[in-house]
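Asker: File my_file_22.cif below, mmCIF, C-alpha atoms:
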data_upload
loop_
_atom_site.label_atom_id
_atom_site.label_comp_id
_atom_site.auth_asym_id
_atom_site.auth_seq_id
_atom_site.Cartn_x
_atom_site.Cartn_y
_atom_site.Cartn_z
CA ALA A 1 18.86 -17.80 -14.92
CA PRO A 2 22.64 -17.56 -14.28
CA LEU A 3 21.89 -16.78 -10.61
CA VAL A 4 19.79 -19.88 -9.96
CA PRO A 5 22.68 -22.11 -8.78
CA TYR A 6 23.62 -19.66 -6.02
CA THR A 7 22.29 -19.74 -2.48
CA VAL A 8 20.08 -16.78 -1.57
CA LYS A 9 18.29 -15.69 1.57
CA GLY A 10 15.38 -13.96 -0.17
CA PHE A 11 14.36 -11.55 -2.90
CA LEU A 12 13.97 -7.77 -3.20
CA TRP A 13 11.87 -6.50 -6.12
CA TYR A 14 11.05 -3.04 -7.47
CA GLN A 15 9.01 -2.95 -10.68
CA GLY A 16 5.55 -2.07 -11.94
CA GLU A 17 5.30 1.09 -14.04
CA SER A 18 4.92 -0.70 -17.37
CA ASN A 19 2.13 -2.84 -15.90
CA ARG A 20 0.14 0.20 -14.78
CA PRO A 21 -2.59 -0.11 -17.48
CA ASN A 22 -3.30 -3.73 -16.44
CA PRO A 23 -3.69 -3.93 -12.65
CA THR A 24 -5.88 -7.05 -12.71
CA GLN A 25 -3.31 -8.89 -14.82
CA TYR A 26 -0.50 -7.64 -12.57
CA ARG A 27 -2.18 -9.02 -9.45
CA ALA A 28 -2.28 -12.48 -11.06
CA LEU A 29 1.23 -12.33 -12.54
CA MET A 30 3.07 -11.37 -9.34
CA PRO A 31 2.16 -14.48 -7.28
CA ALA A 32 2.94 -16.64 -10.32
CA PHE A 33 6.31 -14.93 -10.69
CA VAL A 34 7.18 -15.46 -7.02
CA LYS A 35 6.06 -19.11 -7.21
CA MET A 36 8.36 -19.59 -10.21
CA LEU A 37 11.34 -18.03 -8.38
CA ARG A 38 10.84 -20.23 -5.35
CA GLU A 39 10.51 -23.35 -7.47
CA ARG A 40 13.65 -22.55 -9.46
CA TRP A 41 15.74 -22.03 -6.31
CA ALA A 42 14.17 -25.03 -4.53
CA GLN A 43 15.03 -23.58 -1.11
CA GLY A 44 11.54 -23.46 0.31
CA GLU A 45 9.35 -20.38 0.78
CA LEU A 46 12.06 -17.75 0.36
CA PRO A 47 10.88 -14.29 1.55
CA PHE A 48 9.86 -11.81 -1.13
CA TYR A 49 9.97 -8.10 -0.28
CA TYR A 50 8.87 -5.62 -2.92
CA VAL A 51 8.44 -1.89 -3.44
CA GLN A 52 5.10 -0.30 -4.27
CA ILE A 53 5.33 2.11 -7.22
CA ALA A 54 5.83 5.72 -6.19
CA PRO A 55 3.51 8.64 -6.94
CA TYR A 56 4.06 10.24 -10.35
CA ARG A 57 1.77 12.40 -12.48
CA TYR A 58 1.51 10.05 -15.50
CA GLU A 59 -1.37 11.44 -17.63
CA ASN A 60 -2.59 13.73 -14.87
CA SER A 61 -1.83 14.02 -11.16
CA ASP A 62 -5.51 13.58 -10.23
CA GLU A 63 -6.10 10.48 -12.35
CA THR A 64 -6.31 7.07 -10.65
CA GLY A 65 -4.37 4.71 -12.95
CA SER A 66 -1.38 4.20 -10.69
CA ALA A 67 -3.65 4.00 -7.63
CA LEU A 68 -5.23 0.91 -9.19
CA LEU A 69 -1.79 -0.64 -9.71
CA ARG A 70 -0.87 0.20 -6.09
CA GLU A 71 -4.13 -1.47 -5.08
CA ALA A 72 -3.10 -4.64 -6.93
CA GLN A 73 0.27 -4.54 -5.17
CA LEU A 74 -1.48 -4.09 -1.82
CA HIS A 75 -3.64 -7.17 -2.51
CA ASN A 76 -0.47 -9.09 -3.39
CA LEU A 77 0.48 -8.96 0.30
CA LYS A 78 -2.17 -11.58 0.99
CA ASP A 79 -1.72 -13.32 -2.37
CA ILE A 80 2.00 -14.04 -1.74
CA PRO A 81 3.03 -15.93 1.42
CA SER A 82 6.12 -14.67 3.28
CA SER A 83 6.02 -11.28 1.59
CA GLY A 84 6.31 -7.63 2.61
CA MET A 85 5.80 -4.33 0.81
CA ALA A 86 7.78 -1.10 1.12
CA VAL A 87 5.30 1.74 0.55
CA THR A 88 6.60 4.91 -1.14
CA LEU A 89 3.49 7.08 -0.99
CA ASP A 90 5.36 9.83 0.88
CA ILE A 91 8.58 9.90 -1.18
CA GLY A 92 7.43 10.06 -4.80
CA ASP A 93 8.06 12.92 -7.22
CA GLU A 94 5.21 14.35 -9.27
CA GLY A 95 7.59 15.37 -12.04
CA CYS A 96 10.06 12.46 -12.06
CA ILE A 97 9.15 8.80 -12.48
CA HIS A 98 12.42 7.81 -10.77
CA PRO A 99 12.25 9.61 -7.40
CA ALA A 100 15.55 10.55 -5.79
CA LYS A 101 14.85 9.23 -2.28
CA LYS A 102 16.32 5.77 -2.79
CA GLU A 103 17.92 5.60 0.64
CA GLU A 104 14.49 5.65 2.29
CA ILE A 105 13.36 2.81 0.03
CA GLY A 106 16.46 0.80 0.89
CA THR A 107 15.90 1.40 4.59
CA ARG A 108 12.30 0.18 4.41
CA LEU A 109 13.33 -2.96 2.55
CA ALA A 110 16.10 -3.53 5.10
CA TRP A 111 13.64 -3.15 7.97
CA LEU A 112 11.35 -5.76 6.39
CA ALA A 113 14.23 -8.21 6.06
CA LEU A 114 15.68 -7.48 9.50
CA SER A 115 12.36 -7.82 11.33
CA LYS A 116 10.60 -10.55 9.33
CA THR A 117 13.53 -12.74 8.22
CA TYR A 118 16.24 -12.09 10.82
CA GLY A 119 13.97 -11.62 13.84
CA MET A 120 15.11 -8.15 14.92
CA LYS A 121 12.76 -6.64 17.51
CA GLY A 122 11.59 -3.05 17.95
CA ILE A 123 10.82 -2.21 14.31
CA ASP A 124 7.27 -2.01 12.95
CA ALA A 125 8.32 -2.54 9.34
CA ASP A 126 4.96 -3.53 7.86
CA THR A 127 2.67 -0.98 6.26
CA PRO A 128 -0.69 -0.59 8.06
CA VAL A 129 -3.32 -2.64 6.20
CA LEU A 130 -7.07 -2.02 6.39
CA GLU A 131 -8.96 -4.97 7.86
CA LYS A 132 -12.56 -3.76 8.09
CA MET A 133 -14.91 -0.77 7.99
CA GLU A 134 -17.84 -0.22 10.32
CA VAL A 135 -20.37 2.62 10.20
CA ALA A 136 -21.69 4.49 13.23
CA GLY A 137 -24.02 7.35 12.33
CA ASN A 138 -22.23 9.62 9.88
CA LYS A 139 -18.80 8.20 10.68
CA ALA A 140 -16.86 5.37 9.08
CA CYS A 141 -14.65 3.50 11.56
CA LEU A 142 -11.67 1.79 9.94
CA THR A 143 -9.66 -0.90 11.69
CA PHE A 144 -6.10 -1.64 10.56
CA ARG A 145 -3.62 -4.42 11.04
CA THR A 146 -0.59 -2.72 12.58
CA GLY A 147 2.18 -3.29 15.06
CA ARG A 148 1.62 -2.94 18.80
CA GLU A 149 1.92 0.87 18.81
CA GLY A 150 -0.72 1.37 16.10
CA LEU A 151 -1.26 4.32 13.79
CA ALA A 152 0.28 7.79 13.63
CA PRO A 153 0.22 10.76 13.89
CA LEU A 154 -2.04 10.65 16.91
CA GLY A 155 -4.03 13.82 17.57
CA ASP A 156 -3.77 15.28 14.07
CA THR A 157 -6.61 15.80 11.62
CA LEU A 158 -5.66 13.78 8.55
CA THR A 159 -6.50 14.76 4.98
CA GLY A 160 -6.39 12.86 1.71
CA PHE A 161 -9.57 10.91 2.45
CA GLU A 162 -12.82 10.74 0.48
CA ILE A 163 -16.15 9.32 1.59
CA ALA A 164 -19.31 8.40 -0.32
CA GLY A 165 -22.87 7.39 0.40
CA ALA A 166 -25.16 5.11 -1.59
CA ASP A 167 -25.07 7.59 -4.49
CA ARG A 168 -21.39 6.71 -5.02
CA ILE A 169 -20.39 10.36 -5.15
CA PHE A 170 -17.19 10.95 -3.21
CA HIS A 171 -16.63 14.04 -1.08
CA PRO A 172 -13.46 15.23 0.67
CA ALA A 173 -13.31 13.90 4.21
CA THR A 174 -11.11 14.17 7.26
CA ALA A 175 -9.90 11.48 9.61
CA ARG A 176 -8.59 11.18 13.14
CA ILE A 177 -6.95 8.28 14.93
CA ARG A 178 -9.00 7.14 17.91
CA LYS A 179 -6.69 6.97 20.90
CA GLY A 180 -6.41 3.64 22.64
CA ASN A 181 -7.56 1.27 19.91
CA GLY A 182 -5.77 2.41 16.77
CA ARG A 183 -8.93 2.83 14.74
CA LEU A 184 -9.40 5.62 12.24
CA ILE A 185 -12.59 7.69 12.22
CA VAL A 186 -13.49 9.22 8.83
CA SER A 187 -16.34 11.65 8.17
CA SER A 188 -17.65 14.48 6.03
CA GLU A 189 -20.53 16.86 6.62
CA ALA A 190 -21.60 16.15 3.03
CA VAL A 191 -22.26 12.42 3.69
CA ALA A 192 -24.85 11.48 6.31
CA GLU A 193 -24.67 7.70 5.77
CA PRO A 194 -21.24 6.52 4.66
CA VAL A 195 -20.91 3.51 2.39
CA ALA A 196 -17.33 3.73 1.10
CA VAL A 197 -14.00 5.36 1.95
CA ARG A 198 -10.97 6.01 -0.23
CA TYR A 199 -7.54 7.22 0.81
CA ALA A 200 -4.86 8.77 -1.40
CA PHE A 201 -6.51 7.26 -4.46
CA ARG A 202 -4.78 9.45 -7.04
CA ASN A 203 -1.65 9.31 -9.17
CA VAL A 204 -0.07 11.94 -6.90
CA PRO A 205 -1.71 11.86 -3.46
CA GLU A 206 -0.67 13.32 -0.14
CA ALA A 207 0.50 10.77 2.41
CA THR A 208 -0.88 11.53 5.88
CA LEU A 209 -1.37 8.11 7.52
CA PHE A 210 1.57 6.17 8.98
CA ASN A 211 2.48 3.67 11.66
CA THR A 212 4.57 4.72 14.64
CA SER A 213 7.80 3.70 12.89
CA GLY A 214 7.08 6.20 10.12
CA ILE A 215 5.98 3.62 7.55
CA PRO A 216 3.18 5.06 5.39
CA ALA A 217 -0.10 3.32 4.70
CA SER A 218 -0.78 2.47 1.08
CA SER A 219 -3.53 4.17 -0.86
CA PHE A 220 -6.68 2.06 -0.46
CA ARG A 221 -10.43 1.96 -0.94
CA THR A 222 -13.22 0.00 0.71
CA ASP A 223 -15.38 -0.19 -2.44
CA ASP A 224 -14.98 -2.17 -5.67
CA TRP A 225 -16.85 0.29 -7.88
CA GLU A 226 -15.69 1.14 -11.36
CA VAL A 227 -13.10 3.90 -11.15
CA LYS A 228 -13.50 6.67 -13.72
#
Can you dump the structure from the file as structure tokens?
Answerer:
Amino acid sequence: APLVPYTVKGFLWYQGESNRPNPTQYRALMPAFVKMLRERWAQGELPFYYVQIAPYRYENSDETGSALLREAQLHNLKDIPSSGMAVTLDIGDEGCIHPAKKEEIGTRLAWLALSKTYGMKGIDADTPVLEKMEVAGNKACLTFRTGREGLAPLGDTLTGFEIAGADRIFHPATARIRKGNGRLIVSSEAVAEPVAVRYAFRNVPEATLFNTSGIPASSFRTDDWEVK
């Protein structure tokens, strides 16, 4: 409240761990919080750039609780106008809830502000966001919203993916970036007819998918099934 009389250019926000057990509530609270900030300052649609919570083991490294909170934060990108999210999937610490790599987080927030608020060119500061999934045979083809240069690393076989058929049983899968159109092709020999794909959907996942500026993709899933 004491800051409200001062002029600001925008907001940077890093918070979420205590909301981890309530991702649905968090998704509703964040847009309401941003709306309140903008109303209090009465300076229009001030930009809001926030940090996605970093990987940490919590109860168990293979559990999915924080992945559901990261999912809520990912959805907030479309819930909150004039927003951006700094993803930390590649710089967390399994054993420390406060990871040491703060400079990288600051750089990613700065890139969001410089490119989206101040108009600096040449930086693809936004995390790649899944737009749609199509199925061709035993392959799931994922299309992302990215900058002009698309996804990276091109030519590598990417891990950290899971794929499921109609039985809703997920199997480890691999992915490759299709050269020329930026789409991602995901498959597993164990799934003949894919229905759903998940990426890095664990408390402590491995980050393998980035854009060409080195910004990681968030953990995501194409299904809305109950997560156990």
Asker: I need the residue nearest A:Asp167 from this list: A:Met133, A:Leu184, A:Val195, A:Leu142. Use all atoms listed in the file for the distance.
Answerer: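 Closest candidate: A:Val195.
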Asker: Please work out which residues fall within 8 Å of (4.7, 3.6, 4.6), coordinates as given in the file, with all atoms listed in the file counting, and return them as a list in words.
Answerer: Ala86, Val87, Thr88, Leu89, Asp90, Asp126, Thr127, Pro128, Phe210, Asn211, Gly214, Ile215, Pro216, Ala217 and Ser218 of chain A
Asker: Find the residues around A:Thr117 up to 10 Å (all atoms listed in the file counted), leave out those fewer than 2 positions away in its own chain, and share them as a ChimeraX atom specification.
Answerer: /A:9-10,46-47,82,111-115,119-120
Asker: Given the choices A:Lys139, A:Ser83, A:Gly165, A:Gly16, which gets closest to A:Ala67 if the distance is worked out from all atoms listed in the file?
Answerer: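 Closest to A:Ala67, using all atoms listed in the file: A:Gly16.
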Asker: Counting all atoms listed in the file, which residue out of A:Pro172, A:Gly180, A:Gly95, A:Pro81 sits closest to A:Tyr56?
Answerer: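 Comparing A:Pro172, A:Gly180, A:Gly95, A:Pro81 against A:Tyr56, the winner is A:Gly95.
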Asker: When you look at A:Ala200 with a cut-off of 8 Å (counting only C-alpha atoms), what residues show up, excluding the ones that are within fewer than 4 positions of it in the same chain? I need them as a PyMOL selection string.
Answerer: chain A and resi 67+160-161+204-207+218-220
Asker: Could you check the closest approach to A:Val51 for each of A:Gly137, A:Gly84, A:Gly155, A:Gly92 and tell me which residue wins, using all atoms listed in the file?
Answerer: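 For A:Val51, the nearest of the candidates is A:Gly84.
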Asker: Just give me the gap between atom CA of A:Asp124 and atom CA of A:Arg38 in Å, one decimal is fine.
Answerer: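 One can read the atom CA of A:Asp124 to atom CA of A:Arg38 distance as 26.1 Å.
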Asker: Please enumerate the residues selected by the PyMOL selection byres ((chain A and resi 151) around 8) when evaluated against the supplied file, formatted as a CSV table (one decimal) with C-alpha atoms, in the frame of the given file.
Answerer:
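This is the output file part_9.csv:
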chain,number,residue,atom,x,y,z
A,128,PRO,CA,-0.7,-0.6,8.1
A,146,THR,CA,-0.6,-2.7,12.6
A,149,GLU,CA,1.9,0.9,18.8
A,150,GLY,CA,-0.7,1.4,16.1
A,152,ALA,CA,0.3,7.8,13.6
A,153,PRO,CA,0.2,10.8,13.9
A,154,LEU,CA,-2.0,10.6,16.9
A,177,ILE,CA,-7.0,8.3,14.9
A,182,GLY,CA,-5.8,2.4,16.8
A,183,ARG,CA,-8.9,2.8,14.7
A,209,LEU,CA,-1.4,8.1,7.5
A,210,PHE,CA,1.6,6.2,9.0
A,211,ASN,CA,2.5,3.7,11.7
A,212,THR,CA,4.6,4.7,14.6
Asker: Take every atom of stretch 85-100 of chain A listed in the file, pad by 6 Å on each side, and give me the axis-aligned box centre and edge lengths in Å, one decimal, as AutoDock Vina command-line options.
Answerer:
--center_x 9.5 --center_y 5.5 --center_z -5.7 --size_x 24.1 --size_y 31.7 --size_z 25.6
Asker: Identify which of the residues A:His171, A:Met36, A:Ala136, A:Glu63 lies closest to A:Ile185, counting only C-alpha atoms when measuring atom-to-atom distances.
Answerer: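 Among the listed residues, the smallest separation from A:Ile185 belongs to A:Ala136.
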Asker: Restore N, CA and C atoms in stretch 54-83 of chain A and list the result as a compact mmCIF listing (two decimals), in the coordinates of the input.
Answerer:
# COMPACT_ATOMS: atom_id res chain seq x y z
N ALA A 54 5.90 4.41 -6.83
CA ALA A 54 5.83 5.72 -6.19
C ALA A 54 4.88 6.65 -6.94
N PRO A 55 4.34 7.65 -6.27
CA PRO A 55 3.51 8.64 -6.94
C PRO A 55 4.25 9.34 -8.08
N TYR A 56 3.56 9.53 -9.18
CA TYR A 56 4.06 10.24 -10.35
C TYR A 56 2.85 10.69 -11.15
N ARG A 57 2.95 11.81 -11.85
CA ARG A 57 1.77 12.40 -12.48
C ARG A 57 1.17 11.57 -13.61
N TYR A 58 1.98 10.78 -14.33
CA TYR A 58 1.51 10.05 -15.50
C TYR A 58 0.68 10.98 -16.39
N GLU A 59 -0.56 10.58 -16.76
CA GLU A 59 -1.37 11.44 -17.63
C GLU A 59 -1.78 12.74 -16.92
N ASN A 60 -2.11 12.60 -15.65
CA ASN A 60 -2.59 13.73 -14.87
C ASN A 60 -2.47 13.37 -13.40
N SER A 61 -2.08 14.32 -12.58
CA SER A 61 -1.83 14.02 -11.16
C SER A 61 -3.07 13.53 -10.44
N ASP A 62 -4.28 13.96 -10.91
CA ASP A 62 -5.51 13.58 -10.23
C ASP A 62 -6.17 12.33 -10.80
N GLU A 63 -5.58 11.74 -11.83
CA GLU A 63 -6.10 10.48 -12.35
C GLU A 63 -5.82 9.35 -11.36
N THR A 64 -6.38 8.16 -11.63
CA THR A 64 -6.31 7.07 -10.65
C THR A 64 -5.60 5.83 -11.17
N GLY A 65 -4.98 5.90 -12.36
CA GLY A 65 -4.37 4.71 -12.95
C GLY A 65 -3.34 4.05 -12.06
N SER A 66 -2.41 4.82 -11.53
CA SER A 66 -1.38 4.20 -10.69
C SER A 66 -1.93 3.79 -9.33
N ALA A 67 -3.02 4.43 -8.88
CA ALA A 67 -3.65 4.00 -7.63
C ALA A 67 -4.21 2.59 -7.78
N LEU A 68 -4.72 2.25 -8.96
CA LEU A 68 -5.23 0.91 -9.19
C LEU A 68 -4.10 -0.12 -9.22
N LEU A 69 -2.94 0.27 -9.75
CA LEU A 69 -1.79 -0.64 -9.71
C LEU A 69 -1.30 -0.80 -8.28
N ARG A 70 -1.25 0.30 -7.51
CA ARG A 70 -0.87 0.20 -6.09
C ARG A 70 -1.86 -0.68 -5.33
N GLU A 71 -3.13 -0.61 -5.70
CA GLU A 71 -4.13 -1.47 -5.08
C GLU A 71 -3.83 -2.94 -5.35
N ALA A 72 -3.47 -3.26 -6.60
CA ALA A 72 -3.10 -4.64 -6.93
C ALA A 72 -1.89 -5.08 -6.11
N GLN A 73 -0.90 -4.20 -5.97
CA GLN A 73 0.27 -4.54 -5.17
C GLN A 73 -0.08 -4.72 -3.70
N LEU A 74 -1.02 -3.92 -3.20
CA LEU A 74 -1.48 -4.09 -1.82
C LEU A 74 -2.15 -5.44 -1.64
N HIS A 75 -3.00 -5.86 -2.59
CA HIS A 75 -3.64 -7.17 -2.51
C HIS A 75 -2.61 -8.29 -2.58
N ASN A 76 -1.50 -8.06 -3.28
CA ASN A 76 -0.47 -9.09 -3.39
C ASN A 76 0.11 -9.48 -2.04
N LEU A 77 -0.01 -8.60 -1.03
CA LEU A 77 0.48 -8.96 0.30
C LEU A 77 -0.20 -10.21 0.83
N LYS A 78 -1.49 -10.36 0.55
CA LYS A 78 -2.17 -11.58 0.99
C LYS A 78 -2.14 -12.67 -0.06
N ASP A 79 -1.84 -12.31 -1.31
CA ASP A 79 -1.72 -13.32 -2.37
C ASP A 79 -0.40 -14.09 -2.28
N ILE A 80 0.65 -13.47 -1.73
CA ILE A 80 2.00 -14.04 -1.74
C ILE A 80 2.43 -14.35 -0.30
N PRO A 81 2.55 -15.61 0.07
CA PRO A 81 3.03 -15.93 1.42
C PRO A 81 4.45 -15.42 1.64
N SER A 82 4.77 -15.12 2.89
CA SER A 82 6.12 -14.67 3.28
C SER A 82 6.57 -13.47 2.46
N SER A 83 5.70 -12.48 2.37
CA SER A 83 6.02 -11.28 1.59
C SER A 83 5.90 -10.04 2.47
